[in-house]
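Enquirer: The structure that follows is given in the form of structure tokens.
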Amino acid sequence: MNDFARLLEAEIPRLRRYARALTRDVARADDLVQSCLTRAVAKQHLWQPGTDLRAWLFTILHNQHVNDVRRSVREGVSVAVEEMAPVLTVQSNAIAALQLRDLEKAIGQLPQEQRQVILLVGLEGMRYEEVAAILGVPVGTVRSRLSRGRDQLRRLMDMADEMPARVQLDEGEDIAPRRRPAAQRRAA
């Protein structure tokens with residue numbers, strides 16, 4: 001096994017985690033990762049040793065996902081009830097499972113751009129610069145999408161009133177949260 005293959009193999013768990021979060025379907029996620037890895041091996045000559053392989057692979061995965069979504073919109077997608085039955089059942093640890101289900105549902109309701117940034121920063125722990133490179137947008141756009149996405153998640157999860165008095169940013173800055181408009185404060 002060559003060095004490229006070893007480096008590629010080390011990134012598979014991260015790729016699978018991100019693909020599962022994007023697609024919310026294990027089989028589709030595995031297909032997406034396989035497609036990404038196939039493309040990476042075929043285009044191996046384009047990767048420059050010493051550069052960030054993870055960012056390169058996530059870019060391939062992201063672009064493949066976008067292509068798949070566009071194709072499914074064009075062709076139309078149908079899901080058999082039998083395929084969804086395991087997802088529709090409640091697990092034994094009901095509270096944790098319900099909270100996780102609610103979070104997954106809330107993340108699914110976010111616009112695609114916000115969801116991608118939240119998954120890459122929150123789930124994968126990537127730096128803003130890495131996410132910007134993967135998505136092909138400026139770092140400021142990543143920060144904006146992340147902020148808006150987190151605010152939207154709080155609203156969707158009914159946690160808007162549970163914000164702490166001070167917020168710790170990823171870069172270590174400590175700031176006070178934005179105040180709600182006066183009308184909302186009076187209504188609460």
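How things are named: the first chain in the structure tokens is A, the next is B, and so on; residues count from 1 in each chain; ligands count from 1 in the order shown.
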Could you pull out the helix (DSSP H, G or I) residues of segment 55-146 of chain A, going by DSSP on the backbone, and write them as a PyMOL selection string?

Expert: chain A and resi 55-75+81-88+94-109+112-123+128-135+139-146

Enquirer: Can you tell me, as a list in words, what residues are no more than 12 Å from Ile134 of chain A when counting only C-alpha atoms, ignoring any on the same chain fewer than 6 positions away?

Expert: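 Surrounding residues, per the criterion: Asp52, Leu53, Arg54, Ala55, Trp56, Leu57, Phe58, Thr59, Ile60, Leu61, His62, Asn63, Gln116, Val117, Leu120, Val121, Met126, Arg127, Tyr128 and Val142 of chain A.
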
Enquirer: Compare A:Ser144, A:Ala5, A:Val131, A:Leu110 by their minimum atom-to-atom distance to Ala42 of chain A, counting only C-alpha atoms, and give me the closest one.

Expert: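 Once distances to Ala42 of chain A are computed over only C-alpha atoms, the minimum belongs to A:Ala5.
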
Enquirer: Find the residue from A:Arg150, A:Leu32, A:Ala96, A:Glu104 that sits nearest to Val69 of chain A; use only C-alpha atoms when measuring.

Expert: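 Answer, going by the shortest atom-to-atom distance: A:Leu32.
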
Enquirer: Using atom CA of Val137 of chain A and atom CA of Gln64 of chain A as the two end points, give the distance in Å to one decimal.

Expert: 17.0 Å
